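Student: What follows is the file query.txt, containing compact mmCIF, C-alpha atoms:
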```txt
# COMPACT_ATOMS: atom_id res chain seq x y z
CA MET L 30 0.00 0.00 0.00
CA THR L 31 2.92 2.37 0.66
CA TYR L 32 4.10 1.88 -2.90
CA LEU L 33 0.58 2.57 -4.16
CA PHE L 34 0.26 5.69 -2.01
CA TRP L 35 3.50 7.14 -3.40
CA SER L 36 2.43 6.30 -6.95
CA PHE L 37 -0.73 8.36 -6.48
CA ALA L 38 1.27 11.06 -4.69
CA VAL L 39 3.55 11.44 -7.75
CA VAL L 40 0.49 12.27 -9.88
CA TRP L 41 -0.90 14.76 -7.40
CA ILE L 42 2.43 16.46 -6.74
CA GLY L 43 2.94 16.89 -10.50
CA LEU L 44 -0.54 18.27 -11.00
CA CYS L 45 -0.42 20.62 -8.01
CA ALA L 46 2.99 21.96 -9.05
CA TYR L 47 1.65 22.69 -12.54
CA ILE L 48 -1.49 24.44 -11.21
CA ARG L 49 0.65 26.49 -8.81
CA VAL L 50 2.87 27.65 -11.69
CA LEU L 51 -0.23 28.54 -13.73
CA MET L 52 -1.75 30.57 -10.89
CA ARG L 53 1.47 32.45 -10.25
CA ARG L 54 1.92 33.24 -13.94
CA THR L 55 -1.73 34.38 -14.18
CA ARG L 56 -1.26 36.78 -11.24
CA MET L 57 1.92 38.19 -12.79
CA LEU L 58 0.22 38.72 -16.16
CA GLU L 59 -2.82 40.35 -14.57
CA GLU L 60 -0.51 42.76 -12.79
CA GLU L 61 1.41 43.41 -16.03
CA LEU L 62 -1.83 44.01 -17.94
CA ARG L 63 -3.03 46.52 -15.33
CA ARG L 64 0.31 48.29 -15.44
CA LEU L 65 0.31 48.49 -19.25
CA ALA L 66 -3.32 49.62 -19.36
CA GLY L 67 -2.49 52.32 -16.79
CA GLU L 68 -4.97 51.11 -14.22
CA PRO L 69 -4.22 51.21 -10.49
CA SER L 70 -2.82 47.96 -9.16
CA ASP L 71 -4.29 45.81 -6.39
CA ALA L 72 -0.88 44.62 -5.31
CA PRO L 73 0.93 46.48 -2.51
CA ARG L 74 3.31 49.03 -3.98
CA THR L 75 6.53 50.04 -2.40
CA ALA L 76 6.56 53.46 -0.79
CA SER L 77 2.90 54.05 -1.62
CA TRP L 78 2.48 55.59 1.83
CA MET L 79 4.66 58.45 0.66
CA GLU L 80 2.31 59.32 -2.19
CA ASP L 81 -0.68 59.72 0.13
CA ARG L 82 1.02 62.04 2.54
CA PRO L 83 0.94 65.83 2.02
CA ALA L 84 4.14 67.45 0.98
CA PRO L 85 6.34 68.37 3.94
CA ALA L 86 6.20 72.02 4.93
CA GLY L 87 9.49 73.50 3.84
CA ARG L 88 10.86 76.98 4.30
CA ASP L 89 9.10 78.25 1.18
CA THR L 90 5.77 76.56 1.87
CA PRO L 91 3.42 78.81 3.81
CA SER L 92 1.98 77.22 6.94
CA PRO L 93 -1.55 78.02 8.15
CA VAL L 94 0.02 80.29 10.76
CA SER L 95 2.05 82.29 8.27
CA ARG L 96 -0.92 82.52 5.91
CA ALA L 97 -3.03 83.95 8.71
CA ALA L 98 -0.35 86.50 9.58
CA PRO L 99 -0.84 90.02 8.23
CA MET F 16 -25.14 34.25 -2.54
CA GLY F 17 -24.42 32.93 -6.04
CA ARG F 18 -21.37 30.86 -6.76
CA SER F 19 -19.42 31.46 -10.00
CA PRO F 20 -19.33 28.67 -12.64
CA ASP F 21 -15.62 28.21 -11.85
CA GLY F 22 -16.46 27.82 -8.16
CA TRP F 23 -19.11 25.20 -8.92
CA ALA F 24 -16.75 23.33 -11.23
CA ALA F 25 -14.07 23.32 -8.53
CA TRP F 26 -16.50 21.93 -5.94
CA ILE F 27 -17.84 19.25 -8.29
CA MET F 28 -14.29 18.37 -9.33
CA GLY F 29 -13.18 18.06 -5.70
CA GLY F 30 -16.16 15.86 -4.83
CA LEU F 31 -15.66 13.60 -7.82
CA MET F 32 -11.95 13.33 -7.14
CA ILE F 33 -12.61 12.21 -3.55
CA ALA F 34 -15.12 9.69 -4.92
CA ALA F 35 -12.53 8.50 -7.46
CA LEU F 36 -9.91 8.02 -4.73
CA TYR F 37 -12.45 6.18 -2.58
CA GLY F 38 -13.33 4.01 -5.57
CA ALA F 39 -9.69 3.22 -6.31
CA PHE F 40 -8.54 2.53 -2.75
CA VAL F 41 -11.66 1.17 -1.00
CA TYR F 42 -14.60 0.36 -3.28
CA ALA F 43 -12.80 -1.57 -6.00
CA PRO F 44 -11.88 -5.11 -4.95
CA ARG F 45 -8.31 -6.29 -4.70
CA GLU F 46 -7.15 -7.83 -7.97
CA ARG F 47 -6.38 -11.52 -7.52
CA VAL F 48 -3.09 -11.78 -9.45
CA MET F 49 -1.51 -8.32 -9.21
CA GLY F 50 -2.72 -7.39 -5.73
CA ASP F 51 -3.05 -3.80 -4.55
CA VAL F 52 -0.57 -2.48 -7.15
CA GLN F 53 -3.27 -2.95 -9.78
CA ARG F 54 -5.09 0.04 -8.21
CA ILE F 55 -2.64 2.30 -10.08
CA PHE F 56 -4.79 1.38 -13.07
CA TYR F 57 -7.62 3.61 -11.73
CA VAL F 58 -5.44 6.67 -12.20
CA HIS F 59 -3.30 5.43 -15.11
CA LEU F 60 -6.13 4.80 -17.57
CA PRO F 61 -8.04 8.06 -16.84
CA LEU F 62 -4.79 10.01 -17.28
CA ALA F 63 -4.21 8.28 -20.63
CA TRP F 64 -7.78 9.05 -21.67
CA VAL F 65 -7.43 12.73 -20.73
CA GLY F 66 -4.10 12.88 -22.57
CA PHE F 67 -5.83 11.70 -25.76
CA VAL F 68 -8.68 14.16 -25.18
CA ALA F 69 -6.13 16.96 -24.73
CA PHE F 70 -4.27 16.13 -27.96
CA GLY F 71 -7.59 15.87 -29.81
CA HIS F 72 -8.64 19.21 -28.38
CA SER F 73 -5.32 20.73 -29.44
CA ALA F 74 -5.71 19.45 -33.01
CA TRP F 75 -9.34 20.60 -33.23
CA ALA F 76 -8.49 24.08 -31.89
CA ALA F 77 -5.61 24.23 -34.40
CA VAL F 78 -8.05 23.49 -37.24
CA GLN F 79 -10.33 26.26 -35.95
CA TYR F 80 -7.36 28.64 -35.77
CA LEU F 81 -6.36 27.90 -39.37
CA ARG F 82 -10.00 28.38 -40.44
CA THR F 83 -10.77 31.61 -38.56
CA GLY F 84 -7.37 33.11 -37.68
CA ARG F 85 -8.61 34.00 -34.18
CA ARG F 86 -5.92 34.12 -31.50
CA GLY F 87 -8.22 32.50 -28.92
CA TRP F 88 -8.14 29.21 -30.85
CA ASP F 89 -4.36 29.34 -31.05
CA ALA F 90 -4.18 29.86 -27.27
CA ALA F 91 -6.60 26.95 -26.73
CA SER F 92 -4.54 24.67 -28.99
CA ALA F 93 -1.31 25.51 -27.15
CA ALA F 94 -3.00 25.11 -23.75
CA ALA F 95 -4.43 21.70 -24.62
CA ALA F 96 -1.07 20.49 -26.00
CA GLU F 97 0.77 21.59 -22.87
CA ILE F 98 -1.68 19.84 -20.57
CA GLY F 99 -1.63 16.81 -22.87
CA VAL F 100 2.15 16.57 -22.47
CA LEU F 101 1.80 16.87 -18.69
CA PHE F 102 -0.77 14.08 -18.57
CA ALA F 103 1.19 11.93 -21.02
CA THR F 104 4.24 12.30 -18.76
CA LEU F 105 2.16 11.17 -15.78
CA VAL F 106 0.85 8.23 -17.85
CA ILE F 107 4.41 7.09 -18.59
CA VAL F 108 5.43 7.51 -14.93
CA THR F 109 2.39 5.67 -13.52
CA GLY F 110 2.73 2.98 -16.21
CA SER F 111 6.33 2.38 -15.16
CA LEU F 112 5.36 2.31 -11.48
CA TRP F 113 2.69 -0.26 -12.29
CA ALA F 114 4.91 -2.37 -14.56
CA ARG F 115 7.88 -2.67 -12.22
CA PRO F 116 6.31 -4.85 -9.48
CA VAL F 117 3.94 -6.70 -11.84
CA TRP F 118 6.01 -7.40 -14.98
CA ASN F 119 9.43 -6.81 -13.40
CA THR F 120 10.37 -4.02 -15.80
CA TRP F 121 10.12 -0.22 -15.84
CA TRP F 122 9.87 -0.07 -19.61
CA THR F 123 9.62 -2.34 -22.62
CA TRP F 124 9.91 -1.48 -26.29
CA ASP F 125 6.54 -2.88 -27.31
CA PRO F 126 4.62 -1.10 -30.12
CA GLN F 127 2.10 0.58 -27.81
CA LEU F 128 4.72 2.11 -25.54
CA VAL F 129 6.88 3.18 -28.46
CA THR F 130 4.00 4.86 -30.31
CA TYR F 131 2.99 6.55 -27.04
CA LEU F 132 6.55 7.79 -26.49
CA ILE F 133 6.57 9.12 -30.08
CA LEU F 134 3.30 10.94 -29.31
CA TRP F 135 4.93 12.49 -26.24
CA PHE F 136 7.94 13.60 -28.32
CA ILE F 137 5.70 15.06 -31.05
CA TYR F 138 3.83 17.32 -28.64
CA ALA F 139 6.92 18.12 -26.56
CA GLY F 140 8.48 19.21 -29.88
CA TYR F 141 5.37 21.27 -30.59
CA LEU F 142 5.79 23.09 -27.27
CA MET F 143 9.48 23.71 -27.96
CA LEU F 144 8.62 25.02 -31.43
CA ARG F 145 6.13 27.45 -29.92
CA ALA F 146 8.54 28.56 -27.22
CA ALA F 147 11.29 29.20 -29.76
CA ALA F 148 9.14 30.77 -32.48
CA GLY F 149 7.81 33.75 -30.55
CA ASP F 150 4.67 35.72 -31.33
CA ASP F 151 4.44 35.59 -35.11
CA GLU F 152 1.46 34.78 -37.34
CA ARG F 153 3.41 32.48 -39.67
CA GLN F 154 4.96 30.53 -36.79
CA ARG F 155 1.57 30.12 -35.17
CA ARG F 156 0.19 28.64 -38.38
CA ILE F 157 3.12 26.22 -38.65
CA ALA F 158 2.53 25.19 -35.03
CA ALA F 159 -1.17 24.62 -35.79
CA VAL F 160 -0.29 22.30 -38.69
CA PHE F 161 2.17 20.49 -36.37
CA ALA F 162 -0.60 19.96 -33.78
CA ILE F 163 -2.95 18.52 -36.41
CA VAL F 164 -0.37 16.19 -37.97
CA GLY F 165 0.80 15.07 -34.51
CA PHE F 166 -2.67 13.86 -33.64
CA ALA F 167 -2.35 11.19 -36.35
CA ASP F 168 -0.26 9.19 -33.84
CA VAL F 169 -3.18 8.83 -31.39
CA PRO F 170 -5.05 6.17 -33.42
CA LEU F 171 -1.75 4.32 -33.85
CA VAL F 172 -1.34 4.09 -30.07
CA TRP F 173 -4.91 2.85 -29.73
CA LEU F 174 -4.58 0.29 -32.52
CA SER F 175 -1.17 -0.96 -31.38
CA ALA F 176 -2.58 -1.67 -27.90
CA ARG F 177 -5.45 -3.57 -29.44
CA TYR F 178 -3.94 -5.54 -32.29
CA LEU F 179 -0.22 -5.87 -31.53
CA ARG F 180 1.50 -7.56 -28.63
CA ALA F 181 1.52 -5.02 -25.78
CA LEU F 182 2.14 -4.92 -22.04
CA SER F 183 -1.09 -3.08 -21.22
CA PRO F 184 -4.16 -5.31 -20.98
CA VAL F 185 -7.10 -4.65 -23.34
CA ILE F 186 -10.06 -3.71 -21.15
CA PHE F 187 -12.71 -2.44 -23.53
CA THR F 188 -13.88 -4.64 -26.35
CA SER F 189 -16.86 -4.18 -28.64
CA ARG F 190 -18.82 -6.76 -26.61
CA SER F 191 -17.91 -6.14 -22.98
CA ILE F 192 -15.77 -4.42 -20.38
CA GLY F 193 -13.19 -6.83 -19.05
CA LEU F 194 -13.65 -5.72 -15.44
CA ALA F 195 -15.73 -6.70 -12.43
CA PRO F 196 -18.71 -4.30 -11.96
CA GLN F 197 -17.15 -2.60 -8.90
CA MET F 198 -13.89 -2.10 -10.78
CA ALA F 199 -15.80 -0.67 -13.74
CA TRP F 200 -17.58 1.81 -11.45
CA ALA F 201 -14.32 2.92 -9.83
CA LEU F 202 -12.82 3.38 -13.27
CA GLY F 203 -15.88 5.27 -14.57
CA VAL F 204 -15.85 7.76 -11.70
CA GLY F 205 -12.11 8.25 -12.24
CA LEU F 206 -12.65 8.93 -15.95
CA VAL F 207 -15.32 11.56 -15.25
CA ALA F 208 -13.30 13.19 -12.43
CA TRP F 209 -10.10 13.46 -14.46
CA THR F 210 -11.98 14.74 -17.52
CA LEU F 211 -13.42 17.52 -15.35
CA VAL F 212 -9.94 18.27 -13.97
CA TYR F 213 -8.78 18.67 -17.56
CA ALA F 214 -11.73 20.96 -18.42
CA VAL F 215 -10.93 23.25 -15.49
CA ILE F 216 -7.17 23.37 -16.09
CA VAL F 217 -7.43 23.89 -19.84
CA GLN F 218 -9.75 26.84 -19.25
CA LEU F 219 -7.25 28.37 -16.84
CA ARG F 220 -4.32 27.78 -19.22
CA THR F 221 -6.22 29.15 -22.23
CA ARG F 222 -7.05 32.33 -20.31
CA LEU F 223 -3.36 32.63 -19.49
CA GLY F 224 -2.43 32.25 -23.17
CA VAL F 225 -4.89 34.97 -24.18
CA MET F 226 -3.45 37.26 -21.50
CA GLU F 227 0.07 36.60 -22.77
CA GLY F 228 -1.08 37.77 -26.21
CA ASP F 229 -2.69 40.87 -24.68
CA VAL F 230 0.44 41.77 -22.73
CA ALA F 231 2.64 41.30 -25.82
CA ALA F 232 0.27 43.47 -27.89
CA LEU F 233 0.04 46.22 -25.27
CA ALA F 234 3.79 46.21 -24.76
CA GLU F 235 4.28 46.77 -28.49
CA GLY F 236 1.63 49.49 -28.53
CA ARG F 237 -0.87 47.48 -30.60
CA SER F 238 -4.52 47.04 -29.70
CA ARG F 239 -5.50 43.76 -28.01
CA PRO F 240 -5.76 40.90 -30.57
CA ALA F 241 -9.06 39.18 -31.37
```
The structure in this file should be written as C-alpha cells.
Tutor:
Amino acid sequence: MTYLFWSFAVVWIGLCAYIRVLMRRTRMLEEELRRLAGEPSDAPRTASWMEDRPAPAGRDTPSPVSRAAP
Amino acid sequence: MGRSPDGWAAWIMGGLMIAALYGAFVYAPRERVMGDVQRIFYVHLPLAWVGFVAFGHSAWAAVQYLRTGRRGWDAASAAAAEIGVLFATLVIVTGSLWARPVWNTWWTWDPQLVTYLILWFIYAGYLMLRAAAGDDERQRRIAAVFAIVGFADVPLVWLSARYLRALSPVIFTSRSIGLAPQMAWALGVGLVAWTLVYAVIVQLRTRLGVMEGDVAALAEGRSRPA
C-alpha cells in the first residue's frame, strides 16, 4: 500500500505543481496588464504611503500660521 | 449568494476526485493476481484518456485557428497540447510504477509504448517550437499544422494496444468491459473526475495564453488581438 500511495502522490504532486505555476503566472500577467493599461494595481506598492502624505512644509511653503499672519 | 461557474466546477471536481480516490482505494476489490498495485490502473487509464482528449482538443483548436485566424483558438490549442504533455508524462510515470512490481520491468519497447513515447515527443516538440518561435502569425500557423499532424499518432497508439502484442491489458472490447462491476464503477468515476480536472485546467491555461497575447500586444503598442 505504501508503494501505491507514493504512486498516487507522484500524480498529485505533478498536477499541483503545474497548477501552482499557472496561478502564479496568471497573477503576474494580470498585474502586467493593469500596469500596461495604466490602471491602479491591487498589489501592494513600495513606498505608496509616501504618495498619500501631504508634501512636507518646507521653508518656502506657507503654513496656516504664516498665511493667517498680516 | 451565487457561486461562480468556476467555483461550482471546482467543488464538483473536488467531490468527484474524492469519490474517485475512494473508488480506487476502498470500493474496487483487490485484484487476484496483481494485488493492490493494480489500483494504479484507476489513475493510469483516466490520465491516458485525458491525454488523448487533450491532444484531440489541441488538433481541433488548431483546425479552428487555421479556419478563422482567431488568437483565442491558437491559445486553446497551445494550452491543450501543454496539458496533454503533462498528462502523457504522468501516464508514462504511472505505467512504469505499475509495470515494475507486476512485470518486473520499468519499460519495454513494445509497439504501444513506443508509439505513445513518439506521441509524447511530437507534442513536446510542438511546445518547444512554440517557445522558440515567438509571437508571429506564420509561426503560429506552422505550429497549428504540427498539432494537427501530430494527432495522427493517437489512433496508432490505440490500434497498437489492441492488435499488436503489448504490455497493457485490453479492457474495452466491442462486446464487454473486461472488469468486475465494482472495478468498472471505480474506473468510470475516475474517468469523469479526471476529464473535469482537464476541463478546469485547460480553461485556466487558455485564459493565461490569451493574457500573454494581450500583454505582448500592449507592450508593443498594438490594440488587443481578437
Student: Can you check which residues of chain L have any atom within 10 Å of chain F? Use only C-alpha atoms and format it as number ranges by chain.
Tutor: L: 30-37, 39-41, 43-44, 47-48, 51-52, 54-56, 58-59, 61-66
Student: Please list as a list in words every residue within 9 Å of segment 170-175 of chain F, counting all atoms listed in the file and excluding residues in the same chain fewer than 5 positions away.
Tutor: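 Counting only the stated atoms, we get Asp125, Pro126, Gln127, Leu128, Val129, Thr130, Tyr131, Leu134, Arg180 and Ala181 of chain F.
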Student: In Å, how far is it from atom CA of Met32 of chain F to atom CA of Gly205 of chain F?
Tutor: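 Between these atoms lies a distance of 7.2 Å.
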Student: Just want the 10 Å neighbourhood of Gly140 of chain F, counted on all atoms listed in the file, with same-chain residues fewer than 3 positions away dropped. Output as a list in words.
Tutor: Leu134, Trp135, Phe136, Ile137, Met143, Leu144, Arg145, Ala146, Ala158, Phe161, Ala162 and Gly165 of chain F
Student: Between F:Ala147, F:Val225, F:Val204, F:Leu60, which is the closest to Gly87 of chain F once you count all atoms listed in the file?
Tutor: F:Val225
Student: Calculate how many Å separate atom CA of Pro196 of chain F from atom CA of Val41 of chain F, rounding to one decimal.
Tutor: 14.1 Å
Student: Rounded to one decimal, what separation in Å do you get between atom CA of Leu179 of chain F and atom CA of Tyr213 of chain F?
Tutor: 29.5 Å
Student: Excluding segment 68-70 of chain F and its own-chain neighbours fewer than 5 positions away, which residues fall within 9 Å of it when counting only C-alpha atoms? Please give them as a list in words.
Tutor: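 Skipping anything fewer than 5 positions along the chain leaves Ala63, Trp75, Ser92, Ala94, Ala95, Ala96, Glu97, Ile98, Gly99, Val100, Phe102, Tyr138, Ala162, Ile163, Gly165, Phe166, Val169, Thr210, Tyr213 and Val217 of chain F.
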Student: Env of Asp150 of chain F: 8 Å cut, atoms = all atoms listed in the file, seq-sep filter 4 positions within chain, self excluded. Answer as a list in words.
Tutor: Gln154, Arg155 and Gly228 of chain F
